[in-house]
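K.L.:
Handing you this structure, nothing more for now.
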Amino acid sequence: MLYTDREGYIRIEPANDVQDNFKLDFHTMLARPKVSQIPTLWAVECPAYAYAPEAAASELHKESYTVDGTLELHLTFSQAADVSVAVSGATVAAKAVFAGAVDLTLTGSGEAVVTVTGRKLESSARTVTAPVESPDENGSVETLDNPLITDAAHALAVLNGYGTGCFAPYCLVGSQLDPGT
């Protein structure tokens, strides 16, 4: 912990929850952040995803578990629609079903078989491209990829929001300090 006391002295004391094995020398204290030029851009693109379930249900997860009293499970699998859970050999005390996971609480004793079925989701994407201000025809195309963006209007809104503040010709590189400058 670094602070100035009432008499004007700078105090450095270790804090219990803070890492205290660092060096703060004169060059580091006077250093400035590195500034570098980012590559110029031609355009920015963002895929808009579409999801459709397969026609037939399939087995997403099947496993045997040993239950002795209460057993809590968190199972993950490929995202699917119409997910159903079947349990044999134990009683289901609690169940929460999601598109890509199941939380189960089983009670009983012995072997229990958990089977999860559903229609897997197939995905496709179409790319929405937005021009940048002062494009450089030799510049690069930056892609903003987010599988939660599912329509072209949302993708364009993300691109427009990104374009308002992220195309400055200079940027800070991390939080690294260069003692030589």
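Going through the structure tokens in order, the chains are called A, B, and so on, while each chain numbers its residues from 1 and the ligands are numbered from 1 in the order shown.
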List the spatial neighbours of A:Ser140 as JSON, numbers by chain - criterion: any atom at most 9 Å away, only C-alpha atoms, same-chain residues fewer than 2 positions off excluded.

P.N.:
{"A": [39, 40, 41, 42, 43, 44, 136, 137, 138, 142]}

K.L.:
Can I get the selected residues back with all heavy atoms, as a short mmCIF file (atom, residue, chain, number, x, y, z; two decimals), in the first residue's frame?

P.N.:
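Wrote out.cif, looks like this:
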data_model
loop_
_atom_site.label_atom_id
_atom_site.label_comp_id
_atom_site.auth_asym_id
_atom_site.auth_seq_id
_atom_site.Cartn_x
_atom_site.Cartn_y
_atom_site.Cartn_z
N PRO A 39 -2.53 -0.37 -37.49
CA PRO A 39 -2.64 -0.48 -38.95
C PRO A 39 -3.90 0.24 -39.45
O PRO A 39 -4.92 0.29 -38.77
CB PRO A 39 -2.77 -1.98 -39.20
CG PRO A 39 -2.47 -2.65 -37.92
CD PRO A 39 -2.58 -1.64 -36.83
N THR A 40 -3.81 0.77 -40.65
CA THR A 40 -4.96 1.45 -41.23
C THR A 40 -6.00 0.42 -41.65
O THR A 40 -5.70 -0.74 -41.88
CB THR A 40 -4.54 2.28 -42.46
OG1 THR A 40 -3.88 1.41 -43.37
CG2 THR A 40 -3.61 3.41 -42.06
N LEU A 41 -7.25 0.88 -41.73
CA LEU A 41 -8.36 -0.03 -42.04
C LEU A 41 -8.97 0.28 -43.39
O LEU A 41 -9.04 1.44 -43.81
CB LEU A 41 -9.44 0.08 -40.96
CG LEU A 41 -9.08 -0.43 -39.58
CD1 LEU A 41 -10.22 -0.13 -38.62
CD2 LEU A 41 -8.80 -1.91 -39.61
N TRP A 42 -9.44 -0.75 -44.03
CA TRP A 42 -10.23 -0.62 -45.25
C TRP A 42 -11.71 -0.67 -44.88
O TRP A 42 -12.51 0.11 -45.36
CB TRP A 42 -9.88 -1.73 -46.22
CG TRP A 42 -10.79 -1.82 -47.41
CD1 TRP A 42 -11.68 -2.81 -47.68
CD2 TRP A 42 -10.91 -0.89 -48.47
NE1 TRP A 42 -12.36 -2.55 -48.84
CE2 TRP A 42 -11.89 -1.36 -49.36
CE3 TRP A 42 -10.29 0.31 -48.77
CZ2 TRP A 42 -12.26 -0.68 -50.51
CZ3 TRP A 42 -10.65 0.99 -49.92
CH2 TRP A 42 -11.64 0.49 -50.78
N ALA A 43 -12.08 -1.61 -44.00
CA ALA A 43 -13.48 -1.76 -43.58
C ALA A 43 -13.53 -2.57 -42.29
O ALA A 43 -12.53 -3.15 -41.86
CB ALA A 43 -14.27 -2.47 -44.67
N VAL A 44 -14.71 -2.59 -41.70
CA VAL A 44 -14.97 -3.39 -40.51
C VAL A 44 -16.17 -4.27 -40.82
O VAL A 44 -17.14 -3.81 -41.42
CB VAL A 44 -15.25 -2.51 -39.28
CG1 VAL A 44 -15.49 -3.36 -38.06
CG2 VAL A 44 -14.11 -1.55 -39.04
N ASP A 136 -8.36 3.14 -46.21
CA ASP A 136 -7.10 2.95 -46.93
C ASP A 136 -7.25 1.67 -47.74
O ASP A 136 -7.45 0.59 -47.18
CB ASP A 136 -5.96 2.82 -45.92
CG ASP A 136 -4.61 2.56 -46.58
OD1 ASP A 136 -4.54 2.54 -47.82
OD2 ASP A 136 -3.63 2.37 -45.84
N GLU A 137 -7.18 1.77 -49.08
CA GLU A 137 -7.42 0.58 -49.91
C GLU A 137 -6.37 -0.50 -49.70
O GLU A 137 -6.58 -1.64 -50.05
CB GLU A 137 -7.53 0.96 -51.38
CG GLU A 137 -6.29 1.58 -51.98
CD GLU A 137 -6.54 2.03 -53.41
OE1 GLU A 137 -7.58 2.65 -53.67
OE2 GLU A 137 -5.67 1.76 -54.24
N ASN A 138 -5.24 -0.17 -49.09
CA ASN A 138 -4.24 -1.17 -48.74
C ASN A 138 -4.38 -1.61 -47.29
O ASN A 138 -3.59 -2.41 -46.79
CB ASN A 138 -2.83 -0.63 -48.97
CG ASN A 138 -2.57 -0.34 -50.43
OD1 ASN A 138 -3.03 -1.08 -51.30
ND2 ASN A 138 -1.86 0.74 -50.70
N GLU A 142 -11.09 -5.49 -40.34
CA GLU A 142 -11.19 -6.00 -38.98
C GLU A 142 -12.56 -6.65 -38.80
O GLU A 142 -13.57 -6.11 -39.21
CB GLU A 142 -11.01 -4.87 -37.97
CG GLU A 142 -10.98 -5.38 -36.55
CD GLU A 142 -10.51 -4.32 -35.56
OE1 GLU A 142 -9.99 -3.29 -35.98
OE2 GLU A 142 -10.69 -4.56 -34.36
#

K.L.:
Residues at most 12 Å from A:Thr66, counting only C-alpha atoms, excluding those fewer than 4 positions away in the same chain, as a PyMOL selection string?

P.N.:
chain A and resi 70-73+88-90+106-114

K.L.:
What is the distance between atom CA of A:Ala50 and atom CA of A:Ser123, in Å to one decimal?

P.N.:
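Between atom CA of A:Ala50 and atom CA of A:Ser123 the gap is 5.6 Å.
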
K.L.:
Find the spatial neighbours of A:Ser78, counting only C-alpha atoms, within a cut-off of 8 Å - ignore same-chain residues fewer than 3 positions away - and output them as a compact mmCIF listing (two decimals) with N, CA, C and O atoms, in the first residue's frame.

P.N.:
# COMPACT_ATOMS: atom_id res chain seq x y z
N LEU A 60 -27.24 -36.20 -26.75
CA LEU A 60 -26.24 -35.16 -26.52
C LEU A 60 -25.26 -35.55 -25.42
O LEU A 60 -24.11 -35.12 -25.43
N GLY A 100 -27.44 -25.32 -23.73
CA GLY A 100 -26.17 -26.01 -23.81
C GLY A 100 -25.71 -26.63 -22.51
O GLY A 100 -24.56 -27.04 -22.38
N LYS A 120 -29.71 -30.80 -32.16
CA LYS A 120 -28.53 -29.93 -32.23
C LYS A 120 -28.81 -28.74 -33.13
O LYS A 120 -29.55 -28.83 -34.10
N LEU A 121 -28.19 -27.61 -32.76
CA LEU A 121 -28.36 -26.39 -33.54
C LEU A 121 -27.26 -26.29 -34.60
O LEU A 121 -26.08 -26.45 -34.31

K.L.:
Atom CA of A:Asp103 and atom CA of A:Tyr65, how far apart in Å?

P.N.:
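Distance reported for this atom pair: 14.2 Å.
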